[in-house]
file coords00.cif (mmCIF, C-alpha atoms)
data_data
loop_
_atom_site.label_atom_id
_atom_site.label_comp_id
_atom_site.auth_asym_id
_atom_site.auth_seq_id
_atom_site.Cartn_x
_atom_site.Cartn_y
_atom_site.Cartn_z
CA MET J 37 0.00 0.00 0.00
CA ASP J 38 1.26 3.39 -0.95
CA THR J 39 2.33 5.60 2.01
CA LYS J 40 0.20 8.48 0.77
CA VAL J 41 -2.94 6.28 0.58
CA LYS J 42 -2.17 4.81 4.01
CA ASN J 43 -1.75 8.27 5.57
CA ASN J 44 -4.96 9.43 3.89
CA LYS J 45 -6.89 6.47 5.40
CA ILE J 46 -5.42 7.16 8.85
CA LEU J 47 -6.38 10.82 8.53
CA LYS J 48 -9.97 9.93 7.53
CA ILE J 49 -10.30 7.50 10.44
CA THR J 50 -8.86 10.05 12.88
CA VAL J 51 -11.20 12.81 11.66
CA SER J 52 -14.17 10.42 11.88
CA ILE J 53 -13.29 9.52 15.47
CA ILE J 54 -12.92 13.19 16.44
CA VAL J 55 -16.25 14.11 14.82
CA PHE J 56 -17.94 11.19 16.61
CA ILE J 57 -16.52 12.21 20.00
CA LEU J 58 -17.46 15.88 19.48
CA GLY J 59 -20.97 14.79 18.48
CA LEU J 60 -21.33 12.83 21.71
CA ILE J 61 -20.11 15.77 23.75
CA PHE J 62 -22.49 18.24 22.13
CA LEU J 63 -25.47 15.88 22.22
CA ASN J 64 -24.99 15.31 25.94
CA ASN J 65 -24.74 19.04 26.68
CA LYS J 66 -27.94 20.12 24.94
CA SER J 67 -29.97 22.70 26.80
CA TYR J 68 -33.68 23.03 26.27
CA ALA J 69 -36.69 24.66 27.91
CA ALA J 70 -39.46 22.62 29.50
CA THR J 71 -42.49 23.03 31.75
CA GLN J 72 -44.17 20.89 34.37
CA VAL J 73 -47.22 21.41 36.57
CA VAL J 74 -46.66 20.55 40.24
CA ASN J 75 -49.49 21.07 42.75
CA GLY J 76 -51.31 23.42 40.39
CA ILE J 77 -48.26 25.59 39.66
CA THR J 78 -46.73 25.57 36.19
CA TRP J 79 -42.94 25.63 36.51
CA THR J 80 -40.74 26.59 33.56
CA TYR J 81 -37.09 25.60 33.53
CA THR J 82 -34.05 24.93 31.39
CA VAL J 83 -32.56 21.44 31.29
CA SER J 84 -28.79 21.76 31.16
CA SER J 85 -26.14 19.15 31.98
CA GLY J 86 -28.75 16.92 33.60
CA LYS J 87 -30.11 19.62 35.92
CA ALA J 88 -33.21 21.85 35.97
CA THR J 89 -31.92 25.43 35.98
CA ASN J 90 -33.39 28.95 35.85
CA VAL J 91 -36.64 27.71 37.43
CA TYR J 92 -39.62 30.07 37.55
CA THR J 93 -43.40 30.03 37.29
CA THR J 94 -45.91 31.86 35.12
CA THR J 95 -48.82 30.84 37.35
CA ALA J 96 -50.76 33.53 39.20
CA ILE J 97 -50.02 32.48 42.78
CA THR J 98 -52.99 32.44 45.15
CA THR J 99 -53.17 31.27 48.77
CA SER J 100 -54.82 28.03 47.62
CA LEU J 101 -51.61 27.12 45.74
CA LEU J 102 -49.39 27.78 48.75
CA THR J 103 -48.63 25.22 51.44
CA ASP J 104 -50.47 26.38 54.59
CA GLY J 105 -51.65 29.41 52.58
CA THR J 106 -48.33 31.26 52.92
CA THR J 107 -45.42 29.02 51.79
CA LEU J 108 -44.28 28.61 48.18
CA VAL J 109 -42.64 25.18 47.88
CA VAL J 110 -40.19 24.83 45.00
CA PRO J 111 -40.14 21.22 43.76
CA ASP J 112 -36.92 19.23 44.18
CA THR J 113 -37.15 17.73 40.68
CA LEU J 114 -38.75 18.85 37.43
CA GLY J 115 -39.01 16.42 34.53
CA GLY J 116 -36.89 14.01 36.54
CA TYR J 117 -34.04 16.54 36.80
CA PRO J 118 -32.86 17.95 40.14
CA VAL J 119 -33.61 21.67 40.54
CA GLN J 120 -30.26 23.47 40.69
CA SER J 121 -30.96 27.18 40.23
CA ILE J 122 -33.95 29.39 41.01
CA GLY J 123 -35.13 32.39 38.99
CA PRO J 124 -35.16 33.12 35.26
CA ASN J 125 -31.78 34.92 35.53
CA SER J 126 -33.26 38.12 34.15
CA SER J 127 -34.78 41.23 35.67
CA TYR J 128 -37.90 39.24 36.63
CA ASN J 129 -38.49 37.27 39.82
CA ILE J 130 -39.53 33.61 40.01
CA ILE J 131 -43.14 34.59 39.34
CA TYR J 132 -42.19 35.61 35.80
CA LYS J 133 -43.64 38.87 34.47
CA SER J 134 -44.52 39.82 38.04
CA ASN J 135 -41.74 42.23 38.91
CA SER J 136 -44.18 44.85 40.12
CA SER J 137 -45.75 44.78 43.55
CA SER J 138 -48.52 42.26 43.22
CA ASN J 139 -50.90 40.53 45.58
CA ALA J 140 -49.06 37.21 45.09
CA ASN J 141 -45.79 38.72 46.13
CA SER J 142 -47.25 39.98 49.39
CA THR J 143 -49.13 36.71 50.02
CA ILE J 144 -45.97 34.58 49.97
CA LYS J 145 -44.48 34.67 53.47
CA LYS J 146 -42.04 31.77 53.14
CA VAL J 147 -40.23 30.05 50.29
CA GLN J 148 -39.07 26.48 50.76
CA LEU J 149 -36.16 25.50 48.52
CA PRO J 150 -35.16 21.91 47.84
CA THR J 151 -31.74 20.80 49.07
CA THR J 152 -30.65 20.44 45.42
CA VAL J 153 -30.60 24.23 44.87
CA THR J 154 -27.08 25.67 44.69
CA GLN J 155 -27.85 29.03 43.07
CA ILE J 156 -30.40 31.80 43.58
CA ASN J 157 -30.30 33.88 40.40
CA GLN J 158 -30.56 37.66 40.20
CA TYR J 159 -33.93 39.18 41.13
CA SER J 160 -35.31 35.73 42.09
CA PHE J 161 -37.40 36.96 45.02
CA SER J 162 -37.42 40.68 44.25
CA ARG J 163 -40.54 42.50 45.40
CA PHE J 164 -41.78 39.60 47.53
CA SER J 165 -42.88 42.24 50.01
CA GLY J 166 -44.43 39.72 52.43
CA LEU J 167 -41.45 37.35 52.47
CA THR J 168 -40.18 36.70 56.00
CA GLU J 169 -38.17 33.49 55.57
CA VAL J 170 -36.37 31.32 53.02
CA ILE J 171 -36.10 27.69 54.09
CA GLY J 172 -33.61 25.17 52.67
CA MET J 173 -30.61 27.30 51.80
CA ASP J 174 -28.09 24.84 53.26
CA ASN J 175 -26.55 23.94 49.88
CA VAL J 176 -26.87 27.33 48.15
CA LYS J 177 -23.46 28.58 47.00
CA THR J 178 -24.41 31.73 45.09
CA ILE J 179 -26.95 34.49 45.64
CA GLY J 180 -27.29 36.75 42.60
CA ASN J 181 -27.65 40.53 42.34
CA TYR J 182 -30.88 41.99 43.74
CA ALA J 183 -32.09 38.49 44.75
CA PHE J 184 -34.12 39.85 47.70
CA TYR J 185 -34.63 43.40 46.43
CA TYR J 186 -37.65 45.09 48.05
CA CYS J 187 -38.41 42.17 50.40
CA LYS J 188 -39.85 44.47 53.02
CA GLY J 189 -40.98 41.58 55.25
CA LEU J 190 -37.44 40.29 55.89
CA LYS J 191 -36.33 41.24 59.38
CA THR J 192 -33.34 38.91 59.78
CA PHE J 193 -31.41 36.76 57.34
CA GLU J 194 -28.79 34.10 57.95
CA ILE J 195 -26.22 33.43 55.23
CA PRO J 196 -25.39 29.71 55.47
CA SER J 197 -21.82 28.42 55.46
CA SER J 198 -22.33 26.96 51.96
CA ILE J 199 -22.47 30.47 50.43
CA THR J 200 -19.30 31.51 48.61
CA THR J 201 -20.60 34.36 46.44
CA ILE J 202 -23.15 37.11 47.07
CA GLY J 203 -24.05 39.58 44.33
CA ASN J 204 -24.58 43.32 44.56
CA TYR J 205 -27.60 44.93 46.21
CA VAL J 206 -29.00 41.57 47.38
CA PHE J 207 -30.97 43.23 50.21
CA ARG J 208 -31.56 46.65 48.66
CA TYR J 209 -34.74 48.32 49.95
CA CYS J 210 -35.38 45.60 52.54
CA SER J 211 -36.53 48.34 54.89
CA GLU J 212 -37.32 46.07 57.87
CA LEU J 213 -34.06 44.08 57.70
CA THR J 214 -32.13 44.66 60.92
CA SER J 215 -29.72 41.71 60.98
CA VAL J 216 -27.74 39.66 58.47
CA LYS J 217 -25.64 36.88 59.97
CA PHE J 218 -22.71 35.58 57.93
CA ASN J 219 -21.55 32.00 58.47
CA SER J 220 -19.18 31.61 55.55
CA ASN J 221 -16.27 32.73 53.43
CA VAL J 222 -18.24 35.00 51.12
CA THR J 223 -16.58 36.75 48.16
#
call {"tool": "encode", "arguments": {"input": "coords00.cif", "output": "structure tokens"}}
result
Amino acid sequence: MDTKVKNNKILKITVSIIVFILGLIFLNNKSYAATQVVNGITWTYTVSSGKATNVYTTTAITTSLLTDGTTLVVPDTLGGYPVQSIGPNSSYNIIYKSNSSSNANSTIKKVQLPTTVTQINQYSFSRFSGLTEVIGMDNVKTIGNYAFYYCKGLKTFEIPSSITTIGNYVFRYCSELTSVKFNSNVT
């Protein structure tokens, strides 16, 4: 066999292997949007790297949809994927298109996060004027900019030891907030 032909075959095989491997990598890293209804609330999320990210709802939240009439419970899985980050990562909160003071935002007194959440995106709970407590932050590593902006009901807030990064203006206009306790190496 001619050396040139042999080298050409080796090159074709090598290129084919590389294309195959790249195809597998890109197919496994596809991101796509999905929705799921849980307890009457329609949750929208992005599936990325086997996780549900940027989770938010477009449902008009009423007391009948809240646990005990005051607590918004974020599901631990959506579409079989663990919920990793909360909020659409935009200038809207988790009740999408509800960035103005609304009845739902004053009705929600507590938010219960699943232990799978590691990130609270920017503006996630902004203008939740009745919010007094966020439960389940033990594994959260990042709190984005303005995450609790205008949460007038917050009086105290404890930053868990899991937190490594806190964005800017996280508690801006939280007029009743008198104490923030830090338990971590925040940057």
call {"tool": "residues_around", "arguments": {"input": "coords00.cif", "residues": "Asn125 (chain J)", "least_positions_apart": "2", "cutoff": "8 Å", "atoms": "only C-alpha atoms", "output": "PyMOL selection string"}}
result
chain J and resi 90+123+127-128+157-160
call {"tool": "resolve_selection", "arguments": {"input": "coords00.cif", "expression": "the PyMOL selection byres ((chain J and resi 193) around 12)", "output": "list in words"}}
result
Leu167, Thr168, Glu169, Val170, Ile171, Met173, Phe184, Cys187, Gly189, Leu190, Lys191, Thr192, Glu194, Ile195, Pro196, Val206, Phe207, Cys210, Glu212, Leu213, Thr214, Ser215, Val216, Lys217, Phe218 and Asn219 of chain J
call {"tool": "atom_distance", "arguments": {"input": "coords00.cif", "atom1": "CA of Thr152 (chain J)", "atom2": "CA of Thr99 (chain J)"}}
result
25.2 Å
call {"tool": "atom_distance", "arguments": {"input": "coords00.cif", "atom1": "CA of Ser126 (chain J)", "atom2": "CA of Val83 (chain J)"}}
result
16.9 Å
call {"tool": "closest_residue", "arguments": {"input": "coords00.cif", "among": "J:Asn204, J:Gln120, J:Asn129, J:Thr103", "to": "Thr89 (chain J)", "atoms": "all atoms listed in the file"}}
result
J:Gln120
call {"tool": "residues_around", "arguments": {"input": "coords00.cif", "residues": "Val74 (chain J)", "least_positions_apart": "2", "cutoff": "10 Å", "atoms": "all atoms listed in the file", "output": "list of chain:residue names"}}
result
J:Thr71, J:Gln72, J:Gly76, J:Ile77, J:Thr78, J:Trp79, J:Leu101, J:Val109, J:Val110, J:Pro111, J:Thr113, J:Leu114
call {"tool": "atom_distance", "arguments": {"input": "coords00.cif", "atom1": "CA of Tyr185 (chain J)", "atom2": "CA of Ser162 (chain J)"}}
result
4.5 Å
call {"tool": "resolve_selection", "arguments": {"input": "coords00.cif", "expression": "the PyMOL selection byres ((chain J and resi 107) around 6)", "output": "list in words"}}
result
Leu102, Thr103, Thr106, Leu108, Ile144, Lys145, Lys146 and Val147 of chain J
call {"tool": "closest_residue", "arguments": {"input": "coords00.cif", "among": "J:Phe164, J:Tyr81, J:Tyr186, J:Tyr68", "to": "Thr94 (chain J)", "atoms": "only C-alpha atoms"}}
result
J:Tyr81
call {"tool": "axis_aligned_box", "arguments": {"input": "coords00.cif", "around": "region 146-149 of chain J", "padding_each_side": "6 Å", "output": "AutoDock Vina command-line options"}}
result
--center_x -39.1 --center_y 28.6 --center_z 50.8 --size_x 17.9 --size_y 18.3 --size_z 16.6
call {"tool": "closest_residue", "arguments": {"input": "coords00.cif", "among": "J:Thr154, J:Gly166, J:Gly115, J:Lys188", "to": "Thr200 (chain J)", "atoms": "all atoms listed in the file"}}
result
J:Thr154
call {"tool": "residues_around", "arguments": {"input": "coords00.cif", "residues": "Ile202 (chain J)", "least_positions_apart": "5", "cutoff": "10 Å", "atoms": "only C-alpha atoms", "output": "list in words"}}
result
Ile156, Lys177, Thr178, Ile179, Gly180, Asn181, Tyr182, Ala183, Ile195, Val222 and Thr223 of chain J
